[in-house]
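Visitor: Below you'll find coords20.pdb; it's PDB, C-alpha atoms, pLDDT in the B column.
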ATOM      1  CA  MET A 224      -5.614  34.874 -58.818  1.00 57.00           C
ATOM      2  CA  SER A 225      -5.758  32.557 -61.803  1.00 63.00           C
ATOM      3  CA  ARG A 226      -5.696  34.012 -65.288  1.00 69.00           C
ATOM      4  CA  GLN A 227      -8.821  33.514 -67.399  1.00 72.00           C
ATOM      5  CA  PRO A 228      -7.958  32.348 -70.891  1.00 71.00           C
ATOM      6  CA  ILE A 229      -9.082  34.586 -73.738  1.00 74.00           C
ATOM      7  CA  VAL A 230     -11.214  32.301 -75.887  1.00 73.00           C
ATOM      8  CA  SER A 231     -14.184  32.536 -78.221  1.00 71.00           C
ATOM      9  CA  SER A 232     -15.985  29.465 -76.869  1.00 77.00           C
ATOM     10  CA  ALA A 233     -15.540  28.966 -73.136  1.00 78.00           C
ATOM     11  CA  HIS A 234     -17.652  25.801 -73.278  1.00 80.00           C
ATOM     12  CA  LEU A 235     -14.916  24.154 -75.386  1.00 82.00           C
ATOM     13  CA  VAL A 236     -11.999  24.943 -73.066  1.00 81.00           C
ATOM     14  CA  SER A 237     -10.351  21.782 -71.820  1.00 80.00           C
ATOM     15  CA  GLU A 238      -8.637  21.748 -68.459  1.00 80.00           C
ATOM     16  CA  ASP A 239      -5.892  19.716 -70.143  1.00 83.00           C
ATOM     17  CA  ALA A 240      -5.246  22.252 -72.926  1.00 81.00           C
ATOM     18  CA  ALA A 241      -6.727  25.692 -72.276  1.00 83.00           C
ATOM     19  CA  GLU A 242      -3.892  27.139 -74.334  1.00 85.00           C
ATOM     20  CA  LEU A 243      -5.213  25.350 -77.406  1.00 87.00           C
ATOM     21  CA  SER A 244      -8.513  27.228 -77.064  1.00 85.00           C
ATOM     22  CA  GLU A 245      -6.577  30.482 -76.670  1.00 86.00           C
ATOM     23  CA  PHE A 246      -4.586  29.580 -79.783  1.00 88.00           C
ATOM     24  CA  GLU A 247      -7.790  28.900 -81.744  1.00 89.00           C
ATOM     25  CA  PHE A 248      -9.239  32.270 -80.772  1.00 87.00           C
ATOM     26  CA  GLY A 249      -6.012  34.043 -81.720  1.00 90.00           C
ATOM     27  CA  LEU A 250      -5.803  32.079 -84.948  1.00 93.00           C
ATOM     28  CA  ASN A 251      -9.348  33.085 -85.950  1.00 93.00           C
ATOM     29  CA  MET A 252      -8.546  36.723 -85.276  1.00 94.00           C
ATOM     30  CA  ALA A 253      -5.253  36.468 -87.183  1.00 94.00           C
ATOM     31  CA  ILE A 254      -6.854  34.696 -90.163  1.00 96.00           C
ATOM     32  CA  ASN A 255      -9.536  37.346 -90.493  1.00 97.00           C
ATOM     33  CA  ALA A 256      -7.036  40.191 -90.094  1.00 97.00           C
ATOM     34  CA  TYR A 257      -4.722  38.576 -92.638  1.00 97.00           C
ATOM     35  CA  HIS A 258      -7.544  38.072 -95.145  1.00 98.00           C
ATOM     36  CA  ARG A 259      -8.679  41.672 -94.716  1.00 98.00           C
ATOM     37  CA  TRP A 260      -5.076  42.807 -95.211  1.00 98.00           C
ATOM     38  CA  ILE A 261      -4.402  40.847 -98.410  1.00 98.00           C
ATOM     39  CA  VAL A 262      -7.675  41.981 -99.990  1.00 98.00           C
ATOM     40  CA  ARG A 263      -6.938  45.628 -99.174  1.00 98.00           C
ATOM     41  CA  CYS A 264      -3.315  45.301-100.240  1.00 98.00           C
ATOM     42  CA  MET A 265      -4.451  43.924-103.594  1.00 98.00           C
ATOM     43  CA  ALA A 266      -6.949  46.773-103.953  1.00 98.00           C
ATOM     44  CA  ALA A 267      -4.173  49.275-103.213  1.00 98.00           C
ATOM     45  CA  ALA A 268      -2.045  47.516-105.835  1.00 98.00           C
ATOM     46  CA  GLY A 269      -4.768  48.214-108.384  1.00 98.00           C
ATOM     47  CA  GLN A 270      -7.122  45.230-108.386  1.00 98.00           C
ATOM     48  CA  ASP A 271     -10.270  45.701-106.360  1.00 98.00           C
ATOM     49  CA  GLY A 272     -12.982  43.074-106.056  1.00 98.00           C
ATOM     50  CA  LEU A 273     -10.879  40.015-105.279  1.00 98.00           C
ATOM     51  CA  GLY A 274     -11.554  37.855-102.240  1.00 98.00           C
ATOM     52  CA  ALA A 275      -8.837  36.500 -99.987  1.00 98.00           C
ATOM     53  CA  LEU A 276      -8.756  33.120-101.730  1.00 98.00           C
ATOM     54  CA  ASP A 277      -8.471  34.837-105.118  1.00 98.00           C
ATOM     55  CA  VAL A 278      -5.430  36.779-103.894  1.00 98.00           C
ATOM     56  CA  LEU A 279      -3.821  33.639-102.471  1.00 98.00           C
ATOM     57  CA  VAL A 280      -4.460  31.691-105.676  1.00 98.00           C
ATOM     58  CA  LEU A 281      -2.966  34.464-107.822  1.00 98.00           C
ATOM     59  CA  HIS A 282       0.205  34.556-105.720  1.00 98.00           C
ATOM     60  CA  LEU A 283       0.530  30.762-105.772  1.00 98.00           C
ATOM     61  CA  VAL A 284       0.075  30.630-109.541  1.00 98.00           C
ATOM     62  CA  ASN A 285       2.753  33.319-109.840  1.00 98.00           C
ATOM     63  CA  HIS A 286       5.082  31.563-107.352  1.00 98.00           C
ATOM     64  CA  ARG A 287       8.492  30.838-108.894  1.00 96.00           C
ATOM     65  CA  GLU A 288       7.060  31.556-112.341  1.00 94.00           C
ATOM     66  CA  ARG A 289       6.082  27.882-112.690  1.00 96.00           C
ATOM     67  CA  GLU A 290       2.720  26.732-113.971  1.00 97.00           C
ATOM     68  CA  LYS A 291       0.506  24.855-111.522  1.00 98.00           C
ATOM     69  CA  ARG A 292      -2.376  22.418-111.852  1.00 98.00           C
ATOM     70  CA  LEU A 293      -5.600  22.791-109.892  1.00 98.00           C
ATOM     71  CA  SER A 294      -4.573  19.839-107.726  1.00 97.00           C
ATOM     72  CA  ASP A 295      -1.223  21.539-106.964  1.00 97.00           C
ATOM     73  CA  LEU A 296      -2.987  24.703-105.851  1.00 98.00           C
ATOM     74  CA  CYS A 297      -5.461  22.821-103.668  1.00 98.00           C
ATOM     75  CA  PHE A 298      -2.598  20.898-102.071  1.00 96.00           C
ATOM     76  CA  LEU A 299      -0.561  24.049-101.399  1.00 96.00           C
ATOM     77  CA  LEU A 300      -3.589  25.842 -99.942  1.00 96.00           C
ATOM     78  CA  ASN A 301      -4.683  22.766 -97.977  1.00 95.00           C
ATOM     79  CA  VAL A 302      -8.155  23.106 -99.537  1.00 96.00           C
ATOM     80  CA  GLU A 303     -10.237  19.960-100.001  1.00 94.00           C
ATOM     81  CA  ASP A 304     -12.969  21.503-102.155  1.00 96.00           C
ATOM     82  CA  SER A 305     -11.330  22.054-105.538  1.00 98.00           C
ATOM     83  CA  HIS A 306     -14.461  23.857-106.767  1.00 98.00           C
ATOM     84  CA  VAL A 307     -13.690  26.953-104.690  1.00 98.00           C
ATOM     85  CA  VAL A 308     -10.128  27.144-106.048  1.00 98.00           C
ATOM     86  CA  ASN A 309     -11.401  26.503-109.571  1.00 98.00           C
ATOM     87  CA  TYR A 310     -13.888  29.362-109.145  1.00 98.00           C
ATOM     88  CA  SER A 311     -11.006  31.665-108.187  1.00 98.00           C
ATOM     89  CA  LEU A 312      -9.033  30.538-111.233  1.00 98.00           C
ATOM     90  CA  LYS A 313     -11.987  31.316-113.506  1.00 98.00           C
ATOM     91  CA  LYS A 314     -12.415  34.724-111.878  1.00 98.00           C
ATOM     92  CA  LEU A 315      -8.698  35.482-112.293  1.00 98.00           C
ATOM     93  CA  SER A 316      -8.801  34.265-115.902  1.00 98.00           C
ATOM     94  CA  LYS A 317     -11.715  36.606-116.714  1.00 98.00           C
ATOM     95  CA  LEU A 318      -9.635  39.468-115.324  1.00 98.00           C
ATOM     96  CA  ASP A 319      -6.726  38.379-117.587  1.00 98.00           C
ATOM     97  CA  LEU A 320      -4.475  37.785-114.562  1.00 98.00           C
ATOM     98  CA  VAL A 321      -4.165  34.020-115.057  1.00 98.00           C
ATOM     99  CA  ALA A 322      -4.094  31.943-118.245  1.00 98.00           C
ATOM    100  CA  ALA A 323      -4.942  28.259-118.633  1.00 98.00           C
ATOM    101  CA  ASP A 324      -2.990  25.900-120.880  1.00 97.00           C
ATOM    102  CA  ARG A 325      -4.633  22.542-121.531  1.00 96.00           C
ATOM    103  CA  ARG A 326      -2.223  19.644-122.155  1.00 96.00           C
ATOM    104  CA  GLY A 327      -4.010  16.353-122.671  1.00 96.00           C
ATOM    105  CA  LYS A 328      -6.192  15.779-119.616  1.00 95.00           C
ATOM    106  CA  GLU A 329      -4.325  18.313-117.484  1.00 96.00           C
ATOM    107  CA  THR A 330      -4.770  22.062-117.329  1.00 98.00           C
ATOM    108  CA  PHE A 331      -1.849  24.201-116.187  1.00 98.00           C
ATOM    109  CA  TYR A 332      -2.236  27.749-114.909  1.00 98.00           C
ATOM    110  CA  GLY A 333       0.260  30.562-115.124  1.00 98.00           C
ATOM    111  CA  THR A 334       0.102  34.267-114.569  1.00 98.00           C
ATOM    112  CA  THR A 335      -0.267  36.558-117.535  1.00 98.00           C
ATOM    113  CA  LYS A 336       1.986  39.561-117.951  1.00 98.00           C
ATOM    114  CA  GLU A 337      -0.733  41.613-116.230  1.00 98.00           C
ATOM    115  CA  GLY A 338      -0.998  39.098-113.384  1.00 98.00           C
ATOM    116  CA  ALA A 339       2.748  39.072-112.776  1.00 98.00           C
ATOM    117  CA  ALA A 340       2.836  42.883-112.855  1.00 98.00           C
ATOM    118  CA  LEU A 341      -0.015  43.035-110.339  1.00 98.00           C
ATOM    119  CA  CYS A 342       1.888  40.674-108.024  1.00 98.00           C
ATOM    120  CA  GLY A 343       4.852  43.052-108.303  1.00 98.00           C
ATOM    121  CA  LYS A 344       2.683  46.045-107.374  1.00 98.00           C
ATOM    122  CA  TYR A 345       1.255  44.051-104.462  1.00 98.00           C
ATOM    123  CA  ARG A 346       4.806  43.466-103.247  1.00 98.00           C
ATOM    124  CA  GLU A 347       5.501  47.209-103.364  1.00 98.00           C
ATOM    125  CA  VAL A 348       2.398  47.965-101.277  1.00 97.00           C
ATOM    126  CA  ARG A 349       3.317  45.130 -98.889  1.00 96.00           C
ATOM    127  CA  GLU A 350       6.831  46.526 -98.431  1.00 94.00           C
ATOM    128  CA  SER A 351       5.466  50.004 -97.807  1.00 94.00           C
ATOM    129  CA  CYS A 352       2.620  49.152 -95.443  1.00 93.00           C
ATOM    130  CA  LEU A 353       3.485  45.864 -93.753  1.00 92.00           C
ATOM    131  CA  ILE A 354       7.229  45.324 -93.795  1.00 88.00           C
ATOM    132  CA  ALA A 355       7.964  48.873 -92.638  1.00 82.00           C
ATOM    133  CA  SER A 356       5.546  48.425 -89.704  1.00 83.00           C
ATOM    134  CA  HIS A 357       6.986  45.006 -88.876  1.00 79.00           C
ATOM    135  CA  GLY A 358      10.451  46.541 -88.576  1.00 73.00           C
ATOM    136  CA  ALA A 359       9.152  49.264 -86.276  1.00 71.00           C
ATOM    137  CA  LEU A 360       7.852  46.642 -83.836  1.00 71.00           C
ATOM    138  CA  GLY A 361      11.384  45.516 -83.148  1.00 70.00           C
ATOM    139  CA  GLN A 362      10.325  41.891 -83.388  1.00 65.00           C
ATOM    140  CA  GLU A 363      13.075  39.647 -84.635  1.00 71.00           C
ATOM    141  CA  ASN A 364      12.499  37.643 -87.793  1.00 78.00           C
ATOM    142  CA  ARG A 365      13.657  34.550 -85.897  1.00 83.00           C
ATOM    143  CA  GLU A 366      10.563  34.808 -83.676  1.00 84.00           C
ATOM    144  CA  ILE A 367       8.302  35.039 -86.725  1.00 85.00           C
ATOM    145  CA  GLY A 368      10.024  31.958 -88.159  1.00 87.00           C
ATOM    146  CA  GLU A 369       9.395  30.039 -84.926  1.00 91.00           C
ATOM    147  CA  ALA A 370       5.725  31.042 -84.996  1.00 89.00           C
ATOM    148  CA  ALA A 371       5.481  29.853 -88.625  1.00 92.00           C
ATOM    149  CA  ARG A 372       7.007  26.490 -87.695  1.00 94.00           C
ATOM    150  CA  THR A 373       4.558  26.147 -84.797  1.00 93.00           C
ATOM    151  CA  LEU A 374       1.632  26.887 -87.136  1.00 94.00           C
ATOM    152  CA  ARG A 375       2.809  24.220 -89.591  1.00 94.00           C
ATOM    153  CA  VAL A 376       3.072  21.654 -86.778  1.00 94.00           C
ATOM    154  CA  LEU A 377      -0.372  22.566 -85.452  1.00 93.00           C
ATOM    155  CA  SER A 378      -1.861  22.359 -88.948  1.00 94.00           C
ATOM    156  CA  GLY A 379      -0.730  18.729 -88.994  1.00 94.00           C
ATOM    157  CA  LEU A 380      -2.385  18.188 -85.618  1.00 94.00           C
ATOM    158  CA  TYR A 381      -5.656  19.666 -86.882  1.00 94.00           C
ATOM    159  CA  ASP A 382      -5.452  17.646 -90.135  1.00 95.00           C
ATOM    160  CA  GLN A 383      -5.028  14.439 -88.141  1.00 95.00           C
ATOM    161  CA  ALA A 384      -7.914  15.382 -85.834  1.00 95.00           C
ATOM    162  CA  ALA A 385     -10.091  16.059 -88.913  1.00 95.00           C
ATOM    163  CA  ARG A 386      -9.282  12.608 -90.297  1.00 94.00           C
ATOM    164  CA  SER A 387     -10.131  11.069 -86.925  1.00 97.00           C
ATOM    165  CA  ALA A 388     -13.422  12.982 -86.715  1.00 96.00           C
ATOM    166  CA  ALA A 389     -14.341  11.889 -90.256  1.00 96.00           C
ATOM    167  CA  SER A 390     -14.046   8.261 -89.227  1.00 95.00           C
ATOM    168  CA  LEU A 391     -16.449   8.572 -86.264  1.00 95.00           C
TER     169      LEU A 391
END
Step by step, read the file and then write its structure as structure tokens.
Guide:
Amino acid sequence: MSRQPIVSSAHLVSEDAAELSEFEFGLNMAINAYHRWIVRCMAAAGQDGLGALDVLVLHLVNHREREKRLSDLCFLLNVEDSHVVNYSLKKLSKLDLVAADRRGKETFYGTTKEGAALCGKYREVRESCLIASHGALGQENREIGEAARTLRVLSGLYDQAARSAASL
């Protein structure tokens, strides 16, 4: 008996790559679960009302305590529409979590003291709720690293396919 792939769109399944359709379904589920998690983790850390992109932008601005430009953030997030990232930056600025520093034509963003502290609280909640559960699964970190590498490779595949589709 052949195994039926678990997919969201059976009409898209290719006989040459059914696994890719299974991957896409799993990826959609994982993305939504991850976004739900980071929003709830941030709420538990003390900042309710942020969307998933807002949380990601805050952490990237805080990353390595180095200021970032809008273009840097869009590049790191692999987001083409800078307006959505800019909207998050404005939202985070109004909450006094991120501060903008204009230098000539460039604007650099860094976390405020409150923003950095919130990222620290987020880490505490993450350690308590996620990392402790991850350890209980018995899954080796090496396997997670391999999955991360596979996702990075596949993101390149999807980026190339998007460029190809844009030229049709």
Visitor: Since I can't run it myself right now, could you work out what the PyMOL selection byres ((chain A and resi 226-231) around 6) selects here and report it as a PyMOL selection string?
Guide: chain A and resi 225+232+244-245+248
Visitor: Under the rule that all atoms listed in the file are counted, which of A:Asp277, A:Asp295, A:Glu238, A:Glu247 is the nearest residue to Thr330 in chain A?
Guide: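 Smallest separation from Thr330 in chain A among the options: A:Asp295.
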Visitor: With a distance cut-off of 12 Å and only C-alpha atoms, select the neighbouring residues of Phe331 in chain A, excluding the residue or stretch itself and same-chain residues fewer than 4 positions from it, and output the selection as number ranges by chain.
Guide: A: 284, 289-296, 309, 312, 321-327
Visitor: Which distance in Å separates CA of Met252 in chain A and CA of Cys264 in chain A, to one decimal?
Guide: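 Interatomic distance here is 18.0 Å.
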Visitor: So how far away is CA of Leu281 in chain A from CA of Lys336 in chain A, in Å?
Guide: 12.4 Å
Visitor: So, with only C-alpha atoms as the atoms that count, which of A:Leu243, A:Ala275, A:Ala370, A:Val280 lies closest to Ala256 in chain A?
Guide: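 Smallest separation from Ala256 in chain A among the options: A:Ala275.
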Visitor: By how many Å are CA of Leu315 in chain A and CA of Lys328 in chain A apart?
Guide: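 The value is 21.2 Å.
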Visitor: Emit as AutoDock Vina command-line options the padded axis-aligned box for all listed atoms of range 356-369 of chain A, 6 Å per side, with centre and edge lengths in Å to one decimal.
Guide:
--center_x 9.6 --center_y 39.7 --center_z -86.4 --size_x 20.1 --size_y 31.2 --size_z 18.6
Visitor: Please list as a PyMOL selection string every residue within 12 Å of Ala340 in chain A, counting all atoms listed in the file and excluding residues in the same chain fewer than 2 positions away.
Guide: chain A and resi 265+268-270+281-282+285+319-321+334-338+342-347
Visitor: Identify which of the residues A:Val278, A:Leu299, A:Ala241, A:Leu353 lies closest to Leu341 in chain A, counting all atoms listed in the file when measuring atom-to-atom distances.
Guide: A:Val278
Visitor: Return the single residue from A:His357, A:Arg375, A:His306, A:Arg349 that is closest to Ala266 in chain A, with distances computed using only C-alpha atoms.
Guide: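 For Ala266 in chain A, the nearest of the candidates is A:Arg349.
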Visitor: Restricting the calculation to all atoms listed in the file, which member of A:Gly333, A:Gly272, A:Gly358, A:Gly368 is positioned closest to Lys314 in chain A?
Guide: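 Once distances to Lys314 in chain A are computed over all atoms listed in the file, the minimum belongs to A:Gly272.
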